[in-house]
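Below: input_29.txt (compact mmCIF, C-alpha atoms)
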```
# COMPACT_ATOMS: atom_id res chain seq x y z
CA MET U 180 -26.56 31.09 -100.20
CA THR U 181 -24.06 31.96 -102.86
CA ALA U 182 -21.68 29.65 -104.61
CA CYS U 183 -18.90 31.15 -106.60
CA ALA U 184 -15.89 29.91 -108.51
CA ILE U 185 -12.92 31.89 -109.73
CA GLU U 186 -10.76 30.50 -112.48
CA PRO U 187 -7.04 30.65 -111.59
CA SER U 188 -5.24 33.32 -113.57
CA ALA U 189 -2.35 35.69 -113.38
CA ALA U 190 -4.57 38.15 -111.56
CA ASP U 191 -5.52 35.51 -109.02
CA GLU U 192 -1.88 34.67 -108.42
CA GLU U 193 -1.31 38.33 -107.64
CA ASP U 194 -4.30 38.31 -105.28
CA SER U 195 -2.86 35.32 -103.44
CA ALA U 196 -0.27 37.63 -101.94
CA PRO U 197 -0.66 38.11 -98.17
CA GLY U 198 -3.53 40.38 -97.26
CA ALA U 199 -4.88 40.56 -100.81
CA GLY U 200 -8.14 38.69 -100.19
CA CYS U 201 -10.13 36.47 -97.89
CA THR U 202 -12.56 33.57 -97.89
CA ILE U 203 -16.00 33.83 -96.27
CA THR U 204 -18.28 31.04 -95.04
CA VAL U 205 -21.49 30.50 -97.00
CA ASP U 206 -23.59 31.98 -94.18
CA GLY U 207 -21.33 35.03 -93.91
CA ALA U 208 -20.51 34.44 -90.23
CA TYR U 209 -16.72 33.99 -90.49
CA ALA U 210 -13.91 34.90 -92.81
CA ALA U 211 -10.23 33.96 -92.92
CA ARG U 212 -7.22 35.38 -94.67
CA LEU U 213 -3.45 35.23 -94.69
CA ALA U 214 -2.44 38.55 -93.17
CA GLN U 215 0.97 40.16 -93.03
CA GLN U 216 2.83 42.12 -90.38
CA ASP U 217 6.50 43.15 -90.36
CA GLY U 218 7.13 40.95 -93.37
CA SER U 219 5.67 37.80 -91.75
CA CYS U 220 2.52 35.97 -92.86
CA PHE U 221 0.00 34.54 -90.42
CA PRO U 222 -3.62 33.30 -90.55
CA GLU U 223 -6.32 35.62 -89.29
CA ARG U 224 -9.96 34.83 -88.54
CA TRP U 225 -12.67 37.45 -88.83
CA THR U 226 -16.01 37.25 -87.04
CA LEU U 227 -18.65 39.01 -89.14
CA ASP U 228 -22.02 38.13 -87.58
CA GLY U 229 -21.71 40.19 -84.38
CA PRO U 230 -22.50 43.85 -83.68
CA GLU U 231 -19.07 44.79 -85.03
CA PRO U 232 -16.56 42.73 -87.00
CA TYR U 233 -13.37 41.76 -85.23
CA ALA U 234 -10.24 39.81 -86.14
CA VAL U 235 -8.33 37.17 -84.18
CA PRO U 236 -4.74 36.45 -85.28
CA LEU U 237 -3.80 32.76 -85.37
CA PRO U 238 -0.02 32.73 -85.70
CA GLY U 239 1.89 29.45 -85.60
CA ASN U 240 5.37 28.70 -84.37
CA GLN U 241 6.84 30.20 -87.52
CA PRO U 242 5.65 32.49 -90.34
CA GLU U 243 3.54 30.93 -93.06
CA GLU U 244 4.65 30.72 -96.67
CA PRO U 245 2.81 33.10 -99.06
CA GLY U 246 1.21 30.17 -100.95
CA THR U 247 -0.49 28.83 -97.82
CA GLU U 248 -4.29 28.63 -98.04
CA VAL U 249 -6.78 29.26 -95.23
CA GLN U 250 -10.52 28.73 -95.07
CA PRO U 251 -13.01 29.34 -92.22
CA LEU U 252 -15.38 26.66 -90.95
CA GLY U 253 -18.83 27.25 -89.53
CA ASP U 254 -17.69 26.75 -85.92
CA GLY U 255 -15.03 29.45 -86.11
CA ARG U 256 -12.02 27.20 -86.62
CA VAL U 257 -9.77 27.86 -89.60
CA LEU U 258 -8.56 25.19 -92.00
CA ILE U 259 -5.02 25.68 -93.23
CA ARG U 260 -3.19 24.00 -96.11
CA ARG U 261 0.60 24.03 -96.10
CA LEU U 262 2.90 22.57 -98.75
CA VAL U 263 5.87 20.87 -97.09
CA ASP U 264 8.33 18.63 -98.97
CA GLY U 265 5.86 17.95 -101.77
CA ARG U 266 2.99 17.00 -99.44
CA HIS U 267 -0.08 19.10 -98.67
CA HIS U 268 -0.63 19.15 -94.90
CA PHE U 269 -3.99 20.14 -93.44
CA ALA U 270 -4.78 21.31 -89.91
CA LEU U 271 -7.46 23.18 -87.98
CA LEU U 272 -6.47 26.34 -86.14
CA TYR U 273 -8.33 27.87 -83.21
CA PRO U 274 -7.56 30.50 -80.54
CA THR U 275 -6.45 29.23 -77.11
CA GLY U 276 -6.07 32.26 -74.90
CA PRO U 277 -2.82 33.94 -75.86
CA GLY U 278 -1.77 31.23 -78.31
CA THR U 279 -3.03 29.21 -81.26
CA GLY U 280 -4.26 25.64 -81.02
CA GLU U 281 -3.63 23.34 -83.97
CA LEU U 282 -5.30 20.01 -84.77
CA PRO U 283 -3.46 18.10 -87.54
CA LEU U 284 -5.78 16.40 -90.03
CA GLY U 285 -3.31 14.57 -92.26
CA ALA U 286 -1.68 15.12 -95.62
CA VAL U 287 -2.27 14.53 -99.33
CA GLU U 288 0.53 13.73 -101.75
CA CYS U 289 0.23 14.46 -105.46
CA PRO U 290 2.71 12.07 -107.12
CA ASP U 291 2.10 13.29 -110.69
CA GLU U 292 4.63 15.83 -111.87
CA GLY U 293 2.99 19.19 -112.35
CA ALA U 294 -0.08 18.29 -110.27
CA VAL U 295 -1.75 21.17 -108.42
CA LEU U 296 -3.90 21.04 -105.29
CA ARG U 297 -6.01 23.87 -103.93
CA LEU U 298 -8.94 24.30 -101.58
CA LEU U 299 -12.41 24.42 -103.11
CA PRO U 300 -14.80 27.22 -102.06
CA PRO U 301 -16.41 26.76 -98.62
CA ALA U 302 -19.10 24.09 -98.62
CA PRO U 303 -22.63 24.80 -97.38
CA GLY U 304 -23.11 23.95 -93.72
CA GLY U 305 -19.59 24.92 -92.70
CA VAL U 306 -18.72 21.44 -91.40
CA LEU U 307 -16.89 19.86 -94.32
CA ALA U 308 -14.09 21.21 -96.50
CA TYR U 309 -12.83 19.93 -99.84
CA ALA U 310 -9.78 20.29 -102.05
CA LEU U 311 -9.25 19.69 -105.76
CA ALA U 312 -6.10 17.93 -106.97
CA VAL U 313 -5.52 18.41 -110.71
CA GLY U 314 -3.24 15.99 -112.52
CA PRO U 315 -2.25 15.68 -116.20
CA ARG U 316 -5.18 13.39 -117.13
CA SER U 317 -7.63 13.44 -114.21
CA SER U 318 -8.72 15.48 -111.22
CA ALA U 319 -9.57 14.27 -107.72
CA VAL U 320 -11.89 15.78 -105.13
CA TRP U 321 -10.61 15.29 -101.58
CA LEU U 322 -12.56 15.63 -98.35
CA VAL U 323 -9.91 17.28 -96.17
CA ALA U 324 -11.88 18.38 -93.09
CA GLY U 325 -14.90 16.83 -91.40
CA GLY U 326 -14.15 13.22 -92.33
CA ALA U 327 -13.66 10.37 -89.88
CA PHE U 328 -10.14 9.28 -90.84
CA GLY U 329 -8.27 12.25 -92.26
CA PRO U 330 -8.18 13.29 -95.92
CA GLU U 331 -10.29 11.02 -98.12
CA ARG U 332 -10.55 10.96 -101.90
CA VAL U 333 -14.26 11.09 -102.71
CA ALA U 334 -14.33 11.53 -106.49
CA VAL U 335 -12.13 11.19 -109.56
CA VAL U 336 -13.06 13.13 -112.68
CA PRO U 337 -11.42 12.39 -116.05
CA GLY U 338 -9.79 15.53 -117.44
CA ARG U 339 -8.26 18.63 -115.93
CA CYS U 340 -10.73 20.53 -113.74
CA ALA U 341 -10.89 24.06 -112.40
CA GLY U 342 -13.47 26.31 -110.79
CA GLY U 343 -15.77 24.85 -108.16
CA VAL U 344 -19.39 25.91 -107.54
CA TRP U 345 -21.80 24.41 -105.00
CA LEU U 346 -25.27 23.89 -106.48
CA ASP U 347 -27.32 22.97 -103.42
CA ARG U 348 -27.60 23.74 -99.71
CA ALA U 349 -26.66 20.19 -98.71
CA GLY U 350 -23.13 20.37 -100.12
CA ARG U 351 -23.77 17.35 -102.31
CA MET U 352 -23.67 18.69 -105.88
CA LEU U 353 -20.38 20.25 -106.97
CA ALA U 354 -19.91 21.82 -110.40
CA LEU U 355 -16.44 21.83 -111.96
CA ASP U 356 -15.13 23.21 -115.24
CA ARG U 357 -13.53 20.24 -117.00
CA GLU U 358 -11.05 20.49 -119.85
CA LEU U 359 -11.25 17.35 -121.97
CA GLY U 360 -10.53 16.87 -125.64
CA GLY U 361 -9.46 20.47 -126.07
CA ARG U 362 -12.75 21.94 -124.81
CA THR U 363 -13.88 23.14 -121.39
CA LYS U 364 -17.40 22.22 -120.25
CA ALA U 365 -19.00 22.44 -116.82
CA VAL U 366 -19.89 19.10 -115.25
CA VAL U 367 -21.60 18.23 -111.97
CA VAL U 368 -20.15 15.77 -109.45
CA ASP U 369 -22.55 14.01 -107.08
CA LEU U 370 -20.57 13.48 -103.88
CA GLU U 371 -23.23 11.21 -102.39
CA ARG U 372 -23.19 8.79 -105.33
CA GLY U 373 -19.54 7.92 -105.39
CA GLY U 374 -18.52 11.00 -107.34
CA GLU U 375 -20.84 10.31 -110.26
CA VAL U 376 -20.16 12.81 -113.05
CA SER U 377 -22.88 14.25 -115.30
CA PRO U 378 -22.75 16.89 -118.04
CA LEU U 379 -24.04 20.26 -116.86
CA LEU U 380 -23.43 22.95 -119.43
CA GLN U 381 -22.94 22.70 -123.20
CA ILE U 382 -23.92 25.84 -125.05
CA ALA U 383 -22.37 24.84 -128.37
CA ALA U 384 -20.39 21.80 -129.37
CA ASP U 385 -17.24 23.83 -130.10
CA SER U 386 -17.53 26.41 -127.27
CA ASP U 387 -15.79 26.64 -123.91
CA ASP U 388 -18.49 26.90 -121.24
CA ARG U 389 -17.70 27.58 -117.58
CA LEU U 390 -20.01 27.96 -114.59
CA LEU U 391 -18.98 31.00 -112.55
CA LEU U 392 -21.72 31.40 -109.94
CA ALA U 393 -24.90 29.67 -108.80
CA ASP U 394 -27.58 30.65 -106.32
CA PRO U 395 -29.75 27.69 -105.24
CA ASP U 396 -32.50 29.91 -103.78
CA SER U 397 -33.40 31.59 -107.05
CA GLY U 398 -31.79 29.13 -109.44
CA LEU U 399 -29.83 31.96 -111.08
CA ILE U 400 -26.51 31.01 -112.64
CA LEU U 401 -23.83 33.07 -114.33
CA VAL U 402 -21.69 31.44 -116.99
CA GLY U 403 -18.67 32.36 -119.06
CA SER U 404 -18.70 31.18 -122.65
CA ASP U 405 -17.22 32.05 -126.03
CA ALA U 406 -20.26 30.67 -127.85
CA PRO U 407 -21.66 34.13 -128.77
CA SER U 408 -18.20 35.55 -129.63
CA PRO U 409 -15.77 32.79 -130.69
CA GLY U 410 -12.40 33.34 -129.11
CA GLN U 411 -13.71 35.87 -126.59
CA GLU U 412 -15.47 34.87 -123.36
CA ARG U 413 -18.66 36.69 -122.44
CA LEU U 414 -20.81 36.58 -119.33
CA GLY U 415 -24.27 35.11 -119.59
CA TRP U 416 -27.07 34.15 -117.24
CA GLY U 417 -29.59 31.36 -117.05
CA VAL U 418 -31.68 29.35 -114.60
CA LEU U 419 -30.91 25.90 -113.24
CA GLY U 420 -33.37 23.32 -114.53
CA SER U 421 -35.17 25.85 -116.74
CA THR U 422 -36.19 25.43 -120.36
CA LEU U 423 -35.26 29.06 -120.97
CA PRO U 424 -32.02 29.69 -122.87
CA VAL U 425 -28.80 31.20 -121.59
CA ARG U 426 -28.65 34.88 -122.45
CA PHE U 427 -25.64 37.14 -122.93
CA PRO U 428 -26.92 40.68 -122.32
CA GLU U 429 -24.93 43.81 -123.05
CA SER U 430 -25.57 44.88 -119.46
CA LEU U 431 -23.00 42.33 -118.26
CA ARG U 432 -20.27 44.05 -120.27
CA VAL U 433 -18.36 47.30 -119.67
CA PRO U 434 -18.15 48.74 -123.20
CA GLU U 435 -16.55 51.96 -121.93
CA CYS U 436 -13.63 49.85 -120.70
CA PRO U 437 -13.04 47.00 -123.17
CA ASP U 438 -9.95 45.84 -121.28
CA CYS U 439 -11.89 45.33 -118.04
CA VAL U 440 -12.32 41.84 -116.62
CA VAL U 441 -15.69 41.20 -114.94
CA THR U 442 -15.95 38.37 -112.40
CA PRO U 443 -19.09 37.57 -110.33
CA PHE U 444 -18.40 36.84 -106.66
CA ALA U 445 -21.70 36.91 -104.71
CA ALA U 446 -25.46 36.65 -105.22
CA GLN U 447 -28.31 37.89 -103.08
CA PRO U 448 -29.88 35.03 -101.06
CA GLY U 449 -33.54 34.51 -100.33
CA GLN U 450 -34.86 35.31 -103.81
CA VAL U 451 -36.72 32.01 -103.98
CA LEU U 452 -37.74 31.16 -107.52
CA VAL U 453 -37.36 34.78 -108.71
CA PRO U 454 -34.01 34.80 -110.52
CA GLU U 455 -34.86 38.05 -112.34
CA SER U 456 -34.76 39.88 -108.97
CA CYS U 457 -31.59 38.25 -107.66
CA GLY U 458 -28.76 40.76 -107.22
CA VAL U 459 -25.26 39.79 -108.30
CA ALA U 460 -22.03 41.45 -107.16
CA LEU U 461 -19.20 41.58 -109.66
CA ARG U 462 -15.54 42.43 -109.33
CA ILE U 463 -14.36 44.68 -112.16
CA ASP U 464 -10.63 44.90 -112.84
CA GLY U 465 -9.42 47.59 -115.20
CA PRO U 466 -6.51 49.91 -115.87
CA LEU U 467 -7.64 52.20 -113.03
CA GLY U 468 -7.85 49.40 -110.46
CA SER U 469 -10.67 47.27 -109.10
CA TRP U 470 -14.21 48.29 -108.21
CA VAL U 471 -17.62 46.72 -107.65
CA GLY U 472 -20.47 46.24 -110.05
CA VAL U 473 -23.98 45.13 -109.08
CA TRP U 474 -26.52 43.74 -111.51
CA ARG U 475 -29.70 41.74 -111.72
CA PRO U 476 -31.50 40.40 -114.77
CA ARG U 477 -34.59 42.54 -114.28
CA ALA U 478 -32.67 45.81 -114.10
CA ARG U 479 -30.79 45.28 -117.38
CA ARG U 480 -28.05 47.72 -116.40
CA MET U 481 -25.01 47.43 -114.20
CA CYS U 482 -24.45 49.78 -111.28
CA HIS U 483 -20.80 50.68 -110.71
CA LEU U 484 -19.76 51.34 -107.10
CA PRO U 485 -16.38 52.35 -105.67
CA ALA U 486 -14.78 49.68 -103.52
CA PRO U 487 -13.94 50.72 -99.97
CA GLU U 488 -10.32 51.57 -99.30
CA GLY U 489 -8.43 48.40 -98.41
CA TRP U 490 -11.10 46.12 -99.88
CA LEU U 491 -10.08 42.48 -99.65
CA THR U 492 -10.56 42.29 -103.38
CA GLY U 493 -13.22 39.92 -104.65
CA ALA U 494 -14.69 39.17 -101.20
CA GLY U 495 -18.18 40.03 -100.06
CA VAL U 496 -21.60 38.70 -99.13
CA TRP U 497 -25.18 39.87 -99.55
CA THR U 498 -27.71 40.02 -96.75
CA GLN U 499 -31.17 38.72 -97.54
CA ASP U 500 -32.57 42.27 -97.51
CA GLY U 501 -30.16 43.35 -100.22
CA VAL U 502 -27.24 44.98 -98.40
CA LEU U 503 -23.83 44.13 -99.87
CA ARG U 504 -21.13 43.69 -97.19
CA LEU U 505 -17.53 44.17 -98.32
CA PRO U 506 -14.64 43.38 -95.93
CA TYR U 507 -11.67 45.74 -95.88
CA ALA U 508 -8.50 46.36 -93.88
CA THR U 509 -6.50 49.57 -93.58
CA GLY U 510 -3.88 50.91 -91.19
CA GLU U 511 -6.58 52.75 -89.26
CA VAL U 512 -9.22 50.00 -89.47
CA PRO U 513 -7.55 46.57 -89.46
CA CYS U 514 -10.92 44.75 -89.60
CA GLY U 515 -13.84 46.51 -91.22
CA VAL U 516 -16.94 45.76 -93.24
CA ALA U 517 -18.52 48.34 -95.54
CA ALA U 518 -22.29 47.95 -95.84
CA VAL U 519 -23.45 49.10 -99.27
CA ALA U 520 -27.14 49.72 -99.81
CA VAL U 521 -27.48 49.04 -103.52
CA PRO U 522 -29.45 51.81 -105.27
CA TRP U 523 -31.95 49.59 -107.02
CA GLY U 524 -34.80 51.53 -108.60
CA GLU U 525 -38.31 50.35 -109.21
CA THR U 526 -37.61 50.46 -112.94
CA GLY U 527 -34.00 49.33 -112.72
CA GLU U 528 -32.55 52.83 -113.26
CA TYR U 529 -29.17 53.36 -111.70
CA GLY U 530 -25.66 54.53 -112.37
CA GLY U 531 -23.17 53.33 -114.91
CA PRO U 532 -19.38 53.34 -115.28
CA GLY U 533 -19.37 57.06 -115.96
CA ASP U 534 -20.90 57.71 -112.53
CA ALA U 535 -18.60 55.80 -110.22
CA GLY U 536 -15.28 54.07 -110.43
CA PRO U 537 -12.29 53.53 -108.19
CA GLY U 538 -12.30 56.33 -105.64
CA ASP U 539 -15.36 58.12 -107.11
CA PRO U 540 -18.58 58.77 -105.19
CA VAL U 541 -21.71 56.89 -106.07
CA ARG U 542 -24.40 58.96 -107.73
CA ASP U 543 -28.08 58.30 -108.12
CA GLY U 544 -29.79 58.19 -111.50
CA THR U 545 -28.82 56.83 -114.85
CA ALA U 546 -25.38 56.51 -116.32
CA ALA U 547 -23.80 59.57 -117.84
CA GLY U 548 -25.01 59.87 -121.39
CA ALA U 549 -27.69 57.21 -120.93
CA SER U 550 -31.18 57.87 -122.15
CA GLY U 551 -34.15 57.77 -119.89
CA THR U 552 -35.15 59.45 -116.64
CA PRO U 553 -36.19 58.08 -113.24
CA GLY U 554 -39.64 56.62 -113.53
CA GLU U 555 -39.24 55.49 -117.11
CA PRO U 556 -38.79 51.81 -117.96
CA ALA U 557 -35.21 50.77 -118.62
CA GLU U 558 -34.27 50.28 -122.24
CA PRO U 559 -34.19 46.61 -123.15
CA ASP U 560 -30.89 44.99 -124.02
CA PRO U 561 -30.08 44.76 -127.71
CA PRO U 562 -30.91 41.40 -129.24
CA GLY U 563 -28.18 38.98 -128.28
CA PRO U 564 -27.33 35.34 -128.79
CA VAL U 565 -29.80 32.85 -127.40
CA VAL U 566 -28.32 29.46 -126.81
CA ALA U 567 -29.08 26.08 -125.35
CA ARG U 568 -30.58 25.83 -121.88
CA PRO U 569 -28.20 25.33 -118.95
CA VAL U 570 -29.46 22.00 -117.72
CA PRO U 571 -27.66 18.68 -117.43
CA LEU U 572 -27.80 16.69 -120.61
CA GLN U 573 -28.94 13.65 -118.65
CA GLN U 574 -31.46 15.68 -116.55
CA ALA U 575 -30.71 13.87 -113.27
CA PRO U 576 -29.96 14.35 -110.47
CA LEU U 577 -29.49 18.11 -110.86
CA ALA U 578 -32.93 18.85 -112.24
CA ARG U 579 -34.47 18.11 -108.84
CA LEU U 580 -32.48 20.80 -107.07
CA VAL U 581 -34.52 23.77 -108.27
CA THR U 582 -38.22 23.85 -109.08
CA ASN U 583 -39.21 26.46 -111.61
```
What would the structure in this file look like if it were written as structure tokens?
Amino acid sequence: MTACAIEPSAADEEDSAPGAGCTITVDGAYAARLAQQDGSCFPERWTLDGPEPYAVPLPGNQPEEPGTEVQPLGDGRVLIRRLVDGRHHFALLYPTGPGTGELPLGAVECPDEGAVLRLLPPAPGGVLAYALAVGPRSSAVWLVAGGAFGPERVAVVPGRCAGGVWLDRAGRMLALDRELGGRTKAVVVDLERGGEVSPLLQIAADSDDRLLLADPDSGLILVGSDAPSPGQERLGWGVLGSTLPVRFPESLRVPECPDCVVTPFAAQPGQVLVPESCGVALRIDGPLGSWVGVWRPRARRMCHLPAPEGWLTGAGVWTQDGVLRLPYATGEVPCGVAAVAVPWGETGEYGGPGDAGPGDPVRDGTAAGASGTPGEPAEPDPPGPVVARPVPLQQAPLARLVTN
């Protein structure tokens, strides 16, 4: 299972345009997106676990607004959030022969001026769905699908929260990036203990520390922090519940493209208790467009792969045997999935940004200009900052989730 959070940004707002991206269930069986045809927006469900992927349009009585959110559930229904007259209305969509069935779930009103509500990433199990309402002084987690009586507020967290990463397979432990007192720190919310909030990540007292991705099978986490470079966020990795420090290797940077933004979006499942072997897929946005990077701690280098044409940018899942599946849509193929066999080497040798970028073929071997030949051990990363371990400051209940 992979849990991933993406911080809202100008790039994300651009990606929220119709057809720009999609959301995939934790098990990779279904996806949903807001598609566009003839200038009209409509929800679309993709089935990904069959012999071939296929899409089912779920249009309503009228076109959807561009800001509408959709999310697939594990049974194939699609949750939709619409903003109407200041209230966020939720419903479940499902195909009914030639038409679309719709089951209203209720609405949530955010009375605070400037409050924002958005869906959280799909929860494990595919039965429940949550939303995060962010106000000026506090944030609320709402159960918006799967409850007994419509939307229900299940937690209130002091401070303004963003992100959203699931830390366990039960859908109990939710990590959020909380801004409080001028600093952003990741906290964990226990949804089975009345929304109890515990500290999760503090690398330095004066640093901003966000949790970007977590894989409960291996315990691998990826974080974003300015602790090693004040004023500039860097990617680092650690292990849930471990006494080992967070590390910020050079291999998680793209030095050839300093303006690139690197965002993790999927991790390889099934790597139980071996975080060093857990593959991570990263979205890389640069002046030439967006492409895919793959990385794992043991390899110590990033492999750069061209994204398929029409990639629903930032979406993808790993299979347990290490194949990265990237959904795409073009005029010729309205529903497609590109299966990428990642060229891992026994010694971690593989291509770099000089080998493949947007629209370039993938090559085998090391990066252009890199030292070493196949069969030789990869060069270790230069010494980098070593900082405090990524475990909750109060140790419980998160420490029980992963055994090291």
Inset, instruction - Please identify all polymer residues within 12 Å of Gly449 of chain U, counting all atoms listed in the file, omitting same-chain residues fewer than 5 positions from it, and present them as a list in words. - result: Met180, Thr181, Asp206, Asp394, Pro395, Asp396, Ser397, Gly398, Leu399, Pro454, Ser456, Cys457, Gly458, Trp497, Thr498, Gln499, Asp500 and Gly501 of chain U
Inset, instruction - Excluding segment 311-317 of chain U and any residue of its chain fewer than 5 positions from it, enumerate the residues within 6 Å of it, using only C-alpha atoms, and give them as a PyMOL selection string. - result: chain U and resi 294-297+336-339
Inset, instruction - Go through U:Glu455, U:Ala518, U:Ala354, U:Ala486 one by one, measure the shortest atom-to-atom distance of each to Ser469 of chain U using all atoms listed in the file, and give the residue with the smallest value. - result: U:Ala486
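Note that the spacing between atom CA of Glu223 of chain U and atom CA of Ala210 of chain U amounts to 8.4 Å.
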Legend entry - Within 6 Å of Val323 of chain U using only C-alpha atoms, minus same-chain residues under 5 positions, as a PyMOL selection string: chain U and resi 308-309+330
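Atom CA of Ile259 of chain U is found 11.4 Å from atom CA of Ala310 of chain U.
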Completed segment 389-405 of chain U (N, CA, C and O atoms) as a short mmCIF file (atom, residue, chain, number, x, y, z; two decimals), in the coordinates of the input:
```
data_model
loop_
_atom_site.label_atom_id
_atom_site.label_comp_id
_atom_site.auth_asym_id
_atom_site.auth_seq_id
_atom_site.Cartn_x
_atom_site.Cartn_y
_atom_site.Cartn_z
N ARG U 389 -18.04 27.71 -118.98
CA ARG U 389 -17.70 27.58 -117.58
C ARG U 389 -18.85 28.10 -116.72
O ARG U 389 -19.51 29.07 -117.07
N LEU U 390 -19.05 27.47 -115.57
CA LEU U 390 -20.01 27.96 -114.59
C LEU U 390 -19.26 28.81 -113.57
O LEU U 390 -18.31 28.35 -112.93
N LEU U 391 -19.69 30.07 -113.41
CA LEU U 391 -18.98 31.00 -112.55
C LEU U 391 -19.66 31.21 -111.21
O LEU U 391 -19.00 31.48 -110.21
N LEU U 392 -20.98 31.14 -111.18
CA LEU U 392 -21.72 31.40 -109.94
C LEU U 392 -23.07 30.74 -110.02
O LEU U 392 -23.66 30.66 -111.10
N ALA U 393 -23.56 30.26 -108.87
CA ALA U 393 -24.90 29.67 -108.80
C ALA U 393 -25.54 30.02 -107.48
O ALA U 393 -24.88 30.00 -106.44
N ASP U 394 -26.82 30.37 -107.53
CA ASP U 394 -27.58 30.65 -106.32
C ASP U 394 -28.75 29.67 -106.23
O ASP U 394 -29.69 29.77 -107.01
N PRO U 395 -28.69 28.71 -105.30
CA PRO U 395 -29.75 27.69 -105.24
C PRO U 395 -31.12 28.25 -104.88
O PRO U 395 -32.13 27.66 -105.24
N ASP U 396 -31.19 29.38 -104.15
CA ASP U 396 -32.50 29.91 -103.78
C ASP U 396 -33.31 30.32 -105.00
O ASP U 396 -34.47 29.94 -105.15
N SER U 397 -32.71 31.10 -105.87
CA SER U 397 -33.40 31.59 -107.05
C SER U 397 -33.22 30.71 -108.26
O SER U 397 -34.01 30.75 -109.20
N GLY U 398 -32.14 29.92 -108.27
CA GLY U 398 -31.79 29.13 -109.44
C GLY U 398 -30.95 29.89 -110.44
O GLY U 398 -30.56 29.34 -111.47
N LEU U 399 -30.62 31.16 -110.15
CA LEU U 399 -29.83 31.96 -111.08
C LEU U 399 -28.42 31.42 -111.20
O LEU U 399 -27.79 31.08 -110.19
N ILE U 400 -27.90 31.35 -112.41
CA ILE U 400 -26.51 31.01 -112.64
C ILE U 400 -25.89 32.04 -113.57
O ILE U 400 -26.59 32.64 -114.40
N LEU U 401 -24.60 32.26 -113.40
CA LEU U 401 -23.83 33.07 -114.33
C LEU U 401 -22.76 32.18 -114.95
O LEU U 401 -22.11 31.41 -114.24
N VAL U 402 -22.61 32.28 -116.25
CA VAL U 402 -21.69 31.44 -116.99
C VAL U 402 -20.74 32.31 -117.79
O VAL U 402 -21.03 33.48 -118.09
N GLY U 403 -19.61 31.74 -118.13
CA GLY U 403 -18.67 32.36 -119.06
C GLY U 403 -18.52 31.46 -120.26
O GLY U 403 -18.24 30.27 -120.12
N SER U 404 -18.74 32.00 -121.45
CA SER U 404 -18.70 31.18 -122.65
C SER U 404 -18.26 32.02 -123.84
O SER U 404 -18.53 33.23 -123.91
N ASP U 405 -17.57 31.38 -124.78
CA ASP U 405 -17.22 32.05 -126.03
C ASP U 405 -18.17 31.66 -127.16
O ASP U 405 -17.89 31.92 -128.32
#
```
